[in-house]
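Next comes target_28.cif, with mmCIF, C-alpha atoms, pLDDT in the B column; chains and numbers go by the auth columns.
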```cif
data_upload
#
loop_
_atom_site.group_PDB
_atom_site.id
_atom_site.type_symbol
_atom_site.label_atom_id
_atom_site.label_comp_id
_atom_site.label_asym_id
_atom_site.label_seq_id
_atom_site.Cartn_x
_atom_site.Cartn_y
_atom_site.Cartn_z
_atom_site.B_iso_or_equiv
_atom_site.auth_seq_id
_atom_site.auth_asym_id
ATOM 1 C CA MET A 1 30.991 2.252 -7.566 49.00 1 A
ATOM 2 C CA GLU A 2 30.114 5.392 -9.495 59.00 2 A
ATOM 3 C CA CYS A 3 27.317 5.314 -12.021 69.00 3 A
ATOM 4 C CA LEU A 4 27.332 8.076 -14.597 84.00 4 A
ATOM 5 C CA LEU A 5 23.920 8.835 -16.029 93.00 5 A
ATOM 6 C CA ASP A 6 23.490 9.975 -19.591 94.00 6 A
ATOM 7 C CA GLU A 7 20.474 11.734 -21.092 95.00 7 A
ATOM 8 C CA LYS A 8 18.694 8.450 -21.935 96.00 8 A
ATOM 9 C CA ASP A 9 19.152 7.205 -18.348 96.00 9 A
ATOM 10 C CA HIS A 10 17.536 10.417 -17.075 95.00 10 A
ATOM 11 C CA GLU A 11 14.674 10.052 -19.553 96.00 11 A
ATOM 12 C CA ILE A 12 14.111 6.416 -18.518 96.00 12 A
ATOM 13 C CA LEU A 13 14.080 7.385 -14.831 95.00 13 A
ATOM 14 C CA GLN A 14 11.555 10.150 -15.526 93.00 14 A
ATOM 15 C CA MET A 15 9.278 7.725 -17.384 94.00 15 A
ATOM 16 C CA LEU A 16 9.564 5.104 -14.635 94.00 16 A
ATOM 17 C CA GLN A 17 8.408 7.677 -12.089 89.00 17 A
ATOM 18 C CA ASN A 18 5.976 9.829 -14.010 89.00 18 A
ATOM 19 C CA ASP A 19 4.703 8.029 -17.070 90.00 19 A
ATOM 20 C CA PHE A 20 5.094 4.273 -16.593 93.00 20 A
ATOM 21 C CA PRO A 21 2.989 2.572 -19.273 94.00 21 A
ATOM 22 C CA LEU A 22 0.472 0.093 -17.866 93.00 22 A
ATOM 23 C CA VAL A 23 0.647 -2.326 -20.786 96.00 23 A
ATOM 24 C CA SER A 24 1.930 -5.867 -21.328 96.00 24 A
ATOM 25 C CA GLU A 25 5.264 -4.633 -22.736 97.00 25 A
ATOM 26 C CA PRO A 26 6.037 -1.411 -20.828 96.00 26 A
ATOM 27 C CA TYR A 27 9.759 -1.374 -21.621 97.00 27 A
ATOM 28 C CA LYS A 28 9.043 -1.598 -25.326 97.00 28 A
ATOM 29 C CA VAL A 29 6.719 1.404 -25.045 97.00 29 A
ATOM 30 C CA ILE A 30 9.375 3.328 -23.106 97.00 30 A
ATOM 31 C CA GLY A 31 11.931 2.430 -25.753 97.00 31 A
ATOM 32 C CA ASP A 32 9.639 3.506 -28.579 97.00 32 A
ATOM 33 C CA LYS A 33 9.080 6.892 -26.906 96.00 33 A
ATOM 34 C CA LEU A 34 12.820 7.366 -26.348 96.00 34 A
ATOM 35 C CA TRP A 35 13.946 6.042 -29.751 97.00 35 A
ATOM 36 C CA ILE A 36 15.809 3.021 -28.340 97.00 36 A
ATOM 37 C CA ASP A 37 14.974 -0.681 -28.394 97.00 37 A
ATOM 38 C CA GLU A 38 13.341 -2.573 -25.534 97.00 38 A
ATOM 39 C CA HIS A 39 16.502 -4.597 -24.793 98.00 39 A
ATOM 40 C CA SER A 40 18.484 -1.371 -24.314 97.00 40 A
ATOM 41 C CA VAL A 41 15.865 -0.008 -21.910 97.00 41 A
ATOM 42 C CA ILE A 42 15.987 -3.202 -19.844 97.00 42 A
ATOM 43 C CA SER A 43 19.819 -3.280 -19.899 97.00 43 A
ATOM 44 C CA ARG A 44 19.982 0.310 -18.700 97.00 44 A
ATOM 45 C CA ILE A 45 17.478 -0.375 -15.909 96.00 45 A
ATOM 46 C CA VAL A 46 19.467 -3.438 -14.802 96.00 46 A
ATOM 47 C CA ARG A 47 22.647 -1.318 -14.696 95.00 47 A
ATOM 48 C CA LEU A 48 20.844 1.364 -12.683 95.00 48 A
ATOM 49 C CA PHE A 49 19.690 -1.316 -10.202 93.00 49 A
ATOM 50 C CA GLN A 50 23.190 -2.779 -9.955 93.00 50 A
ATOM 51 C CA ASN A 51 24.631 0.660 -9.228 91.00 51 A
ATOM 52 C CA GLY A 52 22.022 1.529 -6.614 89.00 52 A
ATOM 53 C CA VAL A 53 20.393 4.314 -8.610 91.00 53 A
ATOM 54 C CA ILE A 54 17.117 2.350 -8.649 91.00 54 A
ATOM 55 C CA ARG A 55 16.065 0.396 -5.562 86.00 55 A
ATOM 56 C CA TYR A 56 12.471 -0.456 -6.385 85.00 56 A
ATOM 57 C CA ILE A 57 10.077 -0.538 -9.310 88.00 57 A
ATOM 58 C CA GLY A 58 6.477 -1.020 -8.332 83.00 58 A
ATOM 59 C CA PRO A 59 3.305 0.823 -7.423 79.00 59 A
ATOM 60 C CA PHE A 60 2.866 3.290 -4.595 74.00 60 A
ATOM 61 C CA PHE A 61 -0.702 3.828 -3.480 74.00 61 A
ATOM 62 C CA ASP A 62 -2.115 6.841 -1.695 74.00 62 A
ATOM 63 C CA SER A 63 -3.131 4.916 1.412 77.00 63 A
ATOM 64 C CA LYS A 64 -5.097 7.831 2.855 79.00 64 A
ATOM 65 C CA LYS A 65 -7.368 7.962 -0.212 82.00 65 A
ATOM 66 C CA LEU A 66 -7.921 4.213 0.202 84.00 66 A
ATOM 67 C CA GLY A 67 -9.118 4.698 3.784 83.00 67 A
ATOM 68 C CA TYR A 68 -5.921 3.756 5.590 86.00 68 A
ATOM 69 C CA SER A 69 -3.965 5.655 8.210 85.00 69 A
ATOM 70 C CA GLY A 70 -0.349 5.294 9.104 87.00 70 A
ATOM 71 C CA CYS A 71 1.821 5.719 12.130 90.00 71 A
ATOM 72 C CA LEU A 72 5.470 5.501 12.993 93.00 72 A
ATOM 73 C CA VAL A 73 6.240 2.950 15.689 97.00 73 A
ATOM 74 C CA ALA A 74 9.356 2.818 17.845 97.00 74 A
ATOM 75 C CA LEU A 75 10.652 0.313 20.358 96.00 75 A
ATOM 76 C CA ASP A 76 13.859 -0.581 22.124 96.00 76 A
ATOM 77 C CA VAL A 77 15.370 -3.913 21.148 97.00 77 A
ATOM 78 C CA THR A 78 18.515 -5.407 22.628 96.00 78 A
ATOM 79 C CA GLU A 79 21.263 -6.021 20.087 95.00 79 A
ATOM 80 C CA GLU A 80 21.073 -9.805 20.401 97.00 80 A
ATOM 81 C CA ARG A 81 17.313 -9.793 19.631 97.00 81 A
ATOM 82 C CA ILE A 82 17.282 -7.401 16.660 96.00 82 A
ATOM 83 C CA ASP A 83 16.962 -10.099 13.961 97.00 83 A
ATOM 84 C CA GLU A 84 14.344 -12.037 15.951 97.00 84 A
ATOM 85 C CA VAL A 85 12.156 -8.979 16.626 97.00 85 A
ATOM 86 C CA ALA A 86 12.550 -7.661 13.072 97.00 86 A
ATOM 87 C CA GLU A 87 11.400 -11.032 11.717 97.00 87 A
ATOM 88 C CA ILE A 88 8.255 -10.906 13.875 97.00 88 A
ATOM 89 C CA ILE A 89 7.449 -7.330 12.840 97.00 89 A
ATOM 90 C CA ASN A 90 8.166 -7.922 9.160 96.00 90 A
ATOM 91 C CA LYS A 91 5.607 -10.756 8.960 96.00 91 A
ATOM 92 C CA TYR A 92 2.831 -8.158 8.976 97.00 92 A
ATOM 93 C CA ASP A 93 1.779 -6.928 5.546 93.00 93 A
ATOM 94 C CA GLU A 94 0.758 -3.669 7.213 94.00 94 A
ATOM 95 C CA VAL A 95 4.418 -2.902 8.014 95.00 95 A
ATOM 96 C CA THR A 96 5.927 -0.952 5.131 87.00 96 A
ATOM 97 C CA HIS A 97 9.382 -0.077 6.491 87.00 97 A
ATOM 98 C CA ASN A 98 11.448 -1.399 9.392 93.00 98 A
ATOM 99 C CA TYR A 99 14.839 0.043 10.224 94.00 99 A
ATOM 100 C CA LEU A 100 17.362 0.635 12.993 95.00 100 A
ATOM 101 C CA ARG A 101 18.482 3.985 14.369 95.00 101 A
ATOM 102 C CA ASP A 102 21.195 4.868 16.838 95.00 102 A
ATOM 103 C CA GLY A 103 20.033 5.636 20.344 94.00 103 A
ATOM 104 C CA SER A 104 16.919 4.664 22.205 95.00 104 A
ATOM 105 C CA PRO A 105 14.466 3.598 20.921 96.00 105 A
ATOM 106 C CA ASN A 106 16.476 1.866 18.214 97.00 106 A
ATOM 107 C CA MET A 107 13.953 -0.034 16.050 97.00 107 A
ATOM 108 C CA TRP A 108 11.429 1.943 14.046 97.00 108 A
ATOM 109 C CA PHE A 109 8.750 0.834 11.600 96.00 109 A
ATOM 110 C CA THR A 110 5.769 2.245 9.773 93.00 110 A
ATOM 111 C CA LEU A 111 2.376 0.651 10.185 94.00 111 A
ATOM 112 C CA ILE A 112 -0.549 1.316 7.848 93.00 112 A
ATOM 113 C CA THR A 113 -3.977 -0.033 8.782 94.00 113 A
ATOM 114 C CA ASN A 114 -7.580 0.563 7.764 92.00 114 A
ATOM 115 C CA SER A 115 -8.900 0.875 11.329 92.00 115 A
ATOM 116 C CA GLU A 116 -7.839 1.740 14.853 92.00 116 A
ATOM 117 C CA GLU A 117 -8.907 -1.754 15.926 95.00 117 A
ATOM 118 C CA GLN A 118 -6.610 -3.389 13.400 96.00 118 A
ATOM 119 C CA LYS A 119 -3.709 -1.181 14.475 95.00 119 A
ATOM 120 C CA GLN A 120 -4.239 -2.030 18.157 95.00 120 A
ATOM 121 C CA LYS A 121 -4.579 -5.753 17.375 97.00 121 A
ATOM 122 C CA ILE A 122 -1.264 -5.813 15.495 97.00 122 A
ATOM 123 C CA LEU A 123 0.540 -3.827 18.182 97.00 123 A
ATOM 124 C CA SER A 124 -0.834 -6.135 20.894 97.00 124 A
ATOM 125 C CA GLU A 125 0.338 -9.177 18.937 97.00 125 A
ATOM 126 C CA ILE A 126 3.801 -7.668 18.475 97.00 126 A
ATOM 127 C CA LYS A 127 4.019 -6.961 22.214 97.00 127 A
ATOM 128 C CA GLU A 128 2.936 -10.511 23.019 97.00 128 A
ATOM 129 C CA LYS A 129 5.244 -12.210 20.496 97.00 129 A
ATOM 130 C CA THR A 130 8.311 -10.100 21.336 97.00 130 A
ATOM 131 C CA GLY A 131 7.771 -9.627 25.063 96.00 131 A
ATOM 132 C CA ILE A 132 8.445 -5.905 24.572 96.00 132 A
ATOM 133 C CA LYS A 133 5.876 -3.965 26.567 92.00 133 A
ATOM 134 C CA GLU A 134 6.706 -0.363 25.700 95.00 134 A
ATOM 135 C CA ILE A 135 5.937 0.672 22.139 96.00 135 A
ATOM 136 C CA LEU A 136 5.839 4.320 21.125 96.00 136 A
ATOM 137 C CA LEU A 137 3.402 5.551 18.448 94.00 137 A
ATOM 138 C CA PHE A 138 3.700 8.660 16.332 91.00 138 A
ATOM 139 C CA SER A 139 0.677 9.385 14.148 80.00 139 A
ATOM 140 C CA SER A 140 1.086 10.671 10.615 68.00 140 A
ATOM 141 C CA LYS A 141 0.521 14.406 10.428 70.00 141 A
ATOM 142 C CA LYS A 142 2.036 15.260 7.072 66.00 142 A
ATOM 143 C CA TYR A 143 2.149 13.309 3.830 62.00 143 A
ATOM 144 C CA PHE A 144 5.499 12.974 2.059 61.00 144 A
ATOM 145 C CA LYS A 145 5.512 11.704 -1.494 59.00 145 A
ATOM 146 C CA VAL A 146 8.165 9.097 -2.212 59.00 146 A
ATOM 147 C CA LYS A 147 9.604 10.362 -5.464 59.00 147 A
ATOM 148 C CA VAL A 148 12.784 11.861 -6.800 58.00 148 A
ATOM 149 C CA ASP A 149 12.834 13.984 -9.919 56.00 149 A
ATOM 150 C CA ILE A 150 16.225 14.286 -11.551 56.00 150 A
#
```

Show me, as structure tokens, the structure contained in the file I just sent.
Amino acid sequence: MECLLDEKDHEILQMLQNDFPLVSEPYKVIGDKLWIDEHSVISRIVRLFQNGVIRYIGPFFDSKKLGYSGCLVALDVTEERIDEVAEIINKYDEVTHNYLRDGSPNMWFTLITNSEEQKQKILSEIKEKTGIKEILLFSSKKYFKVKVDI
């Protein structure tokens, strides 16, 4: 399904990413700045969600500035255990993404913790709960900002 974006859609997307108002009625404020009513802003955002233009609205924190460090984790999971292992991994709040890739290893996730001890504890628990003994770790070396300007 194709979603054509007009100028107002682009302006709304820019405000959602760069200037989201932290007030009780943020969509009204966006509408006031863009000369459209709050209902129209919400309707446009719903349409953008439905068409896959927007996948998430919520805060992103700079985890490094908050004292956290991240790593990419990879493991090999047999096809029949993918849902089971993913469910175990996804129970941890420290896991921010979990996805499959072709090849070996095939399951990858990001883990963000505030200490090396916490990271090792979680990885040990995952090994114990899944029975998977080999887990590969790749430490974060470069920060990539999750943002798309249009």

Report task. Quick one: everything within 6 Å of segment 122-138 of chain A, counting all atoms listed in the file, minus sequence neighbours fewer than 3 positions away in the same chain. Send it as a PyMOL selection string. Result -> chain A and resi 71-75+119

Query raised in the report: Hey, what comes out of the PyMOL selection byres ((chain A and resi 67) around 12) on this file? Could you write it as a PyMOL selection string?
Result: chain A and resi 61-66+68-70+112-116

Calculate, to one decimal in Å, the centre and edge lengths of the box along x, y and z of the file that holds all listed atoms of segment 6-13 of chain A with 6 Å of margin on each side, and present them as AutoDock Vina command-line options.
```
--center_x 18.8 --center_y 9.1 --center_z -18.4 --size_x 21.4 --size_y 17.3 --size_z 19.1
```

Query raised in the report: How far is it from atom CA of Ser104 of chain A to atom CA of Tyr92 of chain A, in Å with one decimal?
Result: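 Value for the atom CA of Ser104 of chain A-atom CA of Tyr92 of chain A distance: 23.2 Å.
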
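Here atom CA of Ile54 of chain A is placed at a distance of 22.4 Å from atom CA of Asn90 of chain A.
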
Requested in this report: Give me the result of the PyMOL selection byres ((chain A and resi 12-18) around 12) on this file, residue by residue, as a PyMOL selection string.
Outcome: chain A and resi 5-11+19-22+26-36+38+40-46+48-49+53-60+145-150

**Report entry** Pick from A:Glu94, A:Leu111, A:Asp102, A:Leu4, whichever lies nearest to Arg47 of chain A using only C-alpha atoms
**Finding:** A:Leu4
